[in-house]
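Single-structure report; data block below.
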Amino acid sequence: MEENFKVIENYLMVRMPEEVDHHKSGYISKTADDYIMKEGVGNIVFDFEDTRFMDSSGIGIIIGRYKKISYFGGRVFAINTDARIRKTLMICGLHKVIEIME
Amino acid sequence: METKQKIIYERKDQSGAEIDGALHTALSGAAGGVDEGMKNEMEMTFDAVSENEAFARMAVAAFVMPLDPTVEELSDIKTSVSEAVTNCIIHGYDEEYRQISQADGVGRIHMRCVTQGDVLCLEIRDEGKGITDISQAMEPMFTTKPQEERSGMGFSFMEAFMDRLEVASRPGCGTVVMMEKKLGVLRWEDEE
C-alpha cells in the first residue's frame with residue numbers, strides 16, 4: 001500500500017483505494033501524517049481515480065489532513081473525482097475549503 | 001412516502017409497541033391494504049469488526065439487485081449501510097462500552113432488510129452502549145470522537161441518501177437504526 005503515497009516536490013500525492021471506509025481510513029490518515037511530518041510537504045493531493053465508494057470516513061480523512069496542512073498555509077486538493085464523490089464532498093461543504101477537480 | 005410514514009407513527013402510537021417492531025408493523029400494514037408487490041426479507045448477524053463494513057454493504061446491495069436499482073440508488077444504499085454499521089462498531093461497541101460491560105470478544109451487529117415492491121426497509125441494530133441524546137447525535141458535524149477524526153456526518157448522510165431515517169436507543173442496551181428508501185423514483189431525471 002506504500003506505493004499509493006508519493007512525494008512530488010512540495011506535494012504529497014495520495015492514491016485513494018477503491019473503497020474508502022472506516023476500515024481503511026485509519027491506515028490512510030496515519031501514513032499521510034507520517035509523510036507530512038517526515039517529508040515536510042506543504043500541500044496534499046487526494047487522487048480518487050480508483051475510488052468507487054466513499055462514506056463519511058473519507059470526509060474525516062480529508063478534514064483531518066486539511067486541519068494539519070492549512071495550519072502552515074498548505075492546500076488540499078481532490079482530483080479525479082466522479083459525480084458521486086463530488087456530491088459526497090459537497091454535502092459536507094468541503095468544496096469551500098479544498099480544491100475539487102474532475 | 002408520506003402515507004407510509006404516517007402508518008408507522010400511527011401504529012406505534014396505538015399499540016405503544018417497541019420501536020423495533022415499527023418496521024415490521026409498517027410492512028404488514030402495507031401488505032394488508034393494497035398489493036404493493038413482492039415481499040422479500042433477509043436477516044443476518046455478524047461480528048462488529050471493521051472488515052465486515054464492506055461485507056455488510058455488499059450484502060445489502062446484492063439483496064436489492066432484483067429491484068433493478070440505478071447506480072446512484074445503489075451508492076446511496078451502500079453509503080447508508082456503511083455509516084450505520086460503522087457507527088455500531090466505533091460508537092456502540094467502543095472501548096468505554098467494553099470496559100463497563102466487561103464483555104469478552106467482539107459485539108455483534110444485526111441487520112434486517114425487507115423489500116416490499118420497490119421499497120427497501122433496513123434495520124441495523126447493536127447491543128452496545130446506546131445513545132444518551134439522539135437529537136444531538138444526529139446533528140451534522142457532531143461527534144463524540146473528534147480525536148479519531150470522525151467527521152460527525154454519519155446520520156446526516158443516512159438522512160440525505162435515504163427517504164426516511166429513524167433512530168431508537170437505550171443507554172446500556174443498544175441502538176437500532178431504521179431506514180427506508182423507495183427505488184425507481186428518479187430513474188431518468190437523476191441519471192447523468
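A note on labels: chains of the C-alpha cells are A, B, ... as shown, every chain counts residues from 1, and ligands are counted from 1 in their shown order.
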Within 7 Å of chain B, which residues of chain A come that close, and what is the closest atom pair and distance in Å for each? Count only C-alpha atoms and give it as a Markdown table.
| residue | atom | partner | partner_atom | distance |
| --- | --- | --- | --- | --- |
| A:His22 | CA | B:Thr86 | CA | 6.7 |
| A:His23 | CA | B:Ser50 | CA | 4.9 |
| A:Asp55 | CA | B:Thr79 | CA | 5.5 |
| A:Ser56 | CA | B:Met153 | CA | 6.0 |
| A:Ser57 | CA | B:Arg150 | CA | 6.6 |
| A:Ile59 | CA | B:Ser151 | CA | 6.2 |
| A:Gly60 | CA | B:Ser151 | CA | 4.6 |
| A:Ile61 | CA | B:Glu149 | CA | 6.9 |
| A:Gly64 | CA | B:Glu149 | CA | 6.0 |
List every residue of chain A that DSSP, applied to the backbone of this structure, assigns to strand (DSSP E), and report them as a ChimeraX atom specification. /A:5-8,11-15,19-20,43-47,53-54,76-79,99-100
Would you list the contacts of segment 92-104 of chain B as number ranges by chain, taking every protein, DNA or RNA residue within 8 Å and counting only C-alpha atoms, but skipping same-chain residues closer than 3 positions in sequence? B: 48, 87-89, 107, 126-130, 174-175
Please report, as a PyMOL selection string, each residue of chain A to which DSSP assigns alpha helix (DSSP H) when run on this structure's backbone. chain A and resi 22-39+56-70+83-91
What's around segment 95-97 of chain A at 10 Å? Count only C-alpha atoms, leave out sequence neighbours fewer than 5 positions away in its own chain, and write the answer as a ChimeraX atom specification. /A:63,66,70,75-78,86-87,89-90
What is the atom CA of Phe53 of chain A to atom CA of Ile109 of chain B distance in Å?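 Those two atoms sit 21.7 Å apart.
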Write out as a list of chain:residue names the residues lying within 7 Å of Asp47 of chain A, counting only C-alpha atoms and excluding same-chain residues fewer than 6 positions away.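 Listed by chain and then number, they are A:Val14, A:Arg15, A:Met16, A:Ala78, A:Ile79, A:Asn80.
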Keeping only N, CA, C and O atoms, write the selected residues to a file as a PDB file, in the first residue's frame.
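Saved the output as result13.pdb:
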ATOM      1  N   VAL A  14      -1.728  11.212  -2.676  1.00  0.00           N
ATOM      2  CA  VAL A  14      -2.298  10.029  -2.043  1.00  0.00           C
ATOM      3  C   VAL A  14      -3.294   9.399  -3.005  1.00  0.00           C
ATOM      4  O   VAL A  14      -4.302  10.013  -3.367  1.00  0.00           O
ATOM      5  N   ARG A  15      -2.975   8.196  -3.441  1.00  0.00           N
ATOM      6  CA  ARG A  15      -3.900   7.484  -4.326  1.00  0.00           C
ATOM      7  C   ARG A  15      -4.891   6.748  -3.443  1.00  0.00           C
ATOM      8  O   ARG A  15      -4.521   5.816  -2.718  1.00  0.00           O
ATOM      9  N   MET A  16      -6.144   7.160  -3.498  1.00  0.00           N
ATOM     10  CA  MET A  16      -7.158   6.580  -2.617  1.00  0.00           C
ATOM     11  C   MET A  16      -7.579   5.196  -3.114  1.00  0.00           C
ATOM     12  O   MET A  16      -7.604   4.954  -4.320  1.00  0.00           O
ATOM     13  N   ALA A  78      -8.546  17.561  -4.223  1.00  0.00           N
ATOM     14  CA  ALA A  78      -9.156  16.261  -4.519  1.00  0.00           C
ATOM     15  C   ALA A  78      -9.274  16.182  -6.032  1.00  0.00           C
ATOM     16  O   ALA A  78      -9.944  17.010  -6.647  1.00  0.00           O
ATOM     17  N   ILE A  79      -8.589  15.215  -6.630  1.00  0.00           N
ATOM     18  CA  ILE A  79      -8.601  15.143  -8.091  1.00  0.00           C
ATOM     19  C   ILE A  79      -9.232  13.832  -8.588  1.00  0.00           C
ATOM     20  O   ILE A  79      -9.360  12.872  -7.835  1.00  0.00           O
ATOM     21  N   ASN A  80      -9.594  13.835  -9.842  1.00  0.00           N
ATOM     22  CA  ASN A  80     -10.254  12.684 -10.491  1.00  0.00           C
ATOM     23  C   ASN A  80     -11.506  12.237  -9.734  1.00  0.00           C
ATOM     24  O   ASN A  80     -11.759  11.048  -9.594  1.00  0.00           O
TER      25      ASN A  80
END
Counting only C-alpha atoms, which residue out of A:Ile44, A:Leu94, A:Thr51, A:Glu102 sits closest to Gly74 of chain A?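 Going through A:Ile44, A:Leu94, A:Thr51, A:Glu102 one by one, the smallest distance to Gly74 of chain A is for A:Ile44.
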d(atom CA of Lys6 of chain A, atom CA of Met54 of chain A) in Å: 21.4 Å
Do a neighbour search on Val60 of chain B at 9 Å with only C-alpha atoms, toss out local chain neighbours closer than 5 positions, and write the hits as a list in words. Met42, Phe55, Met65, Ile77, Lys78, Val81, Cys113 and Leu122 of chain B
For the residues in the current selection, export all heavy atoms as a PDB file, in the first residue's frame.
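File produced: again_10.pdb:
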ATOM      1  N   MET B  42     -34.534 -10.528   4.470  1.00  0.00           N
ATOM      2  CA  MET B  42     -33.208 -11.098   4.698  1.00  0.00           C
ATOM      3  C   MET B  42     -32.728 -10.640   6.068  1.00  0.00           C
ATOM      4  O   MET B  42     -32.949  -9.496   6.461  1.00  0.00           O
ATOM      5  CB  MET B  42     -32.279 -10.592   3.594  1.00  0.00           C
ATOM      6  CG  MET B  42     -30.862 -11.066   3.637  1.00  0.00           C
ATOM      7  SD  MET B  42     -29.768  -9.993   4.550  1.00  0.00           S
ATOM      8  CE  MET B  42     -29.268  -8.815   3.301  1.00  0.00           C
ATOM      9  N   PHE B  55     -18.468  -6.019   3.743  1.00  0.00           N
ATOM     10  CA  PHE B  55     -19.348  -7.183   3.575  1.00  0.00           C
ATOM     11  C   PHE B  55     -20.820  -6.785   3.724  1.00  0.00           C
ATOM     12  O   PHE B  55     -21.659  -7.170   2.914  1.00  0.00           O
ATOM     13  CB  PHE B  55     -18.973  -8.265   4.589  1.00  0.00           C
ATOM     14  CG  PHE B  55     -20.029  -9.314   4.762  1.00  0.00           C
ATOM     15  CD1 PHE B  55     -20.281 -10.226   3.759  1.00  0.00           C
ATOM     16  CD2 PHE B  55     -20.786  -9.371   5.927  1.00  0.00           C
ATOM     17  CE1 PHE B  55     -21.268 -11.181   3.914  1.00  0.00           C
ATOM     18  CE2 PHE B  55     -21.778 -10.316   6.089  1.00  0.00           C
ATOM     19  CZ  PHE B  55     -22.026 -11.224   5.074  1.00  0.00           C
ATOM     20  N   MET B  65     -30.616  -6.052  -5.645  1.00  0.00           N
ATOM     21  CA  MET B  65     -30.397  -6.177  -7.094  1.00  0.00           C
ATOM     22  C   MET B  65     -31.661  -6.523  -7.898  1.00  0.00           C
ATOM     23  O   MET B  65     -31.885  -5.948  -8.956  1.00  0.00           O
ATOM     24  CB  MET B  65     -29.295  -7.195  -7.392  1.00  0.00           C
ATOM     25  CG  MET B  65     -27.915  -6.592  -7.431  1.00  0.00           C
ATOM     26  SD  MET B  65     -27.857  -5.123  -8.471  1.00  0.00           S
ATOM     27  CE  MET B  65     -26.203  -4.575  -8.144  1.00  0.00           C
ATOM     28  N   ILE B  77     -27.615   3.544  -0.979  1.00  0.00           N
ATOM     29  CA  ILE B  77     -27.873   2.460  -0.034  1.00  0.00           C
ATOM     30  C   ILE B  77     -26.569   1.984   0.604  1.00  0.00           C
ATOM     31  O   ILE B  77     -26.472   1.834   1.823  1.00  0.00           O
ATOM     32  CB  ILE B  77     -28.602   1.296  -0.745  1.00  0.00           C
ATOM     33  CG1 ILE B  77     -30.007   1.742  -1.187  1.00  0.00           C
ATOM     34  CG2 ILE B  77     -28.690   0.065   0.153  1.00  0.00           C
ATOM     35  CD1 ILE B  77     -30.666   0.818  -2.191  1.00  0.00           C
ATOM     36  N   LYS B  78     -25.554   1.781  -0.232  1.00  0.00           N
ATOM     37  CA  LYS B  78     -24.274   1.285   0.298  1.00  0.00           C
ATOM     38  C   LYS B  78     -23.662   2.264   1.298  1.00  0.00           C
ATOM     39  O   LYS B  78     -23.151   1.858   2.339  1.00  0.00           O
ATOM     40  CB  LYS B  78     -23.289   1.019  -0.851  1.00  0.00           C
ATOM     41  CG  LYS B  78     -23.550  -0.310  -1.539  1.00  0.00           C
ATOM     42  CD  LYS B  78     -22.850  -0.409  -2.871  1.00  0.00           C
ATOM     43  CE  LYS B  78     -21.383  -0.712  -2.750  1.00  0.00           C
ATOM     44  NZ  LYS B  78     -20.755  -0.842  -4.090  1.00  0.00           N
ATOM     45  N   VAL B  81     -25.682   2.096   4.615  1.00  0.00           N
ATOM     46  CA  VAL B  81     -25.378   0.872   5.368  1.00  0.00           C
ATOM     47  C   VAL B  81     -24.005   1.008   6.018  1.00  0.00           C
ATOM     48  O   VAL B  81     -23.812   0.697   7.194  1.00  0.00           O
ATOM     49  CB  VAL B  81     -25.424  -0.376   4.451  1.00  0.00           C
ATOM     50  CG1 VAL B  81     -24.905  -1.613   5.180  1.00  0.00           C
ATOM     51  CG2 VAL B  81     -26.824  -0.624   3.946  1.00  0.00           C
ATOM     52  N   CYS B 113     -33.188  -6.691   6.329  1.00  0.00           N
ATOM     53  CA  CYS B 113     -33.597  -5.970   5.124  1.00  0.00           C
ATOM     54  C   CYS B 113     -34.897  -6.543   4.627  1.00  0.00           C
ATOM     55  O   CYS B 113     -35.045  -7.755   4.536  1.00  0.00           O
ATOM     56  CB  CYS B 113     -32.612  -6.149   3.981  1.00  0.00           C
ATOM     57  SG  CYS B 113     -30.953  -5.772   4.398  1.00  0.00           S
ATOM     58  N   LEU B 122     -34.574  -1.056   5.930  1.00  0.00           N
ATOM     59  CA  LEU B 122     -33.359  -1.579   6.523  1.00  0.00           C
ATOM     60  C   LEU B 122     -33.393  -1.351   8.015  1.00  0.00           C
ATOM     61  O   LEU B 122     -33.814  -0.288   8.470  1.00  0.00           O
ATOM     62  CB  LEU B 122     -32.172  -0.783   5.998  1.00  0.00           C
ATOM     63  CG  LEU B 122     -31.407  -1.281   4.784  1.00  0.00           C
ATOM     64  CD1 LEU B 122     -30.495  -0.167   4.338  1.00  0.00           C
ATOM     65  CD2 LEU B 122     -30.593  -2.501   5.128  1.00  0.00           C
TER      66      LEU B 122
END
Neighbouring residues of Met38 of chain B were defined as those with any atom within 8 Å, considering only C-alpha atoms; residues of the same chain fewer than 6 positions away were excluded. Please report them as a list of chain:residue names.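 Close residues of Met38 of chain B: B:Thr115, B:Gln116, B:Gly117.
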Next, write the just-selected residues to a file, as a compact mmCIF listing (two decimals), in the first residue's frame, keeping N, CA, C and O atoms as the atom set.
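Contents of the output file again35.txt:
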# COMPACT_ATOMS: atom_id res chain seq x y z
N THR B 115 -37.71 -5.96 1.43
CA THR B 115 -38.17 -5.22 0.26
C THR B 115 -39.64 -5.56 0.06
O THR B 115 -40.04 -6.71 0.16
N GLN B 116 -40.40 -4.50 -0.15
CA GLN B 116 -41.83 -4.68 -0.41
C GLN B 116 -42.12 -3.89 -1.66
O GLN B 116 -42.08 -2.66 -1.63
N GLY B 117 -42.36 -4.58 -2.75
CA GLY B 117 -42.50 -3.87 -4.02
C GLY B 117 -41.19 -3.18 -4.33
O GLY B 117 -40.15 -3.82 -4.35
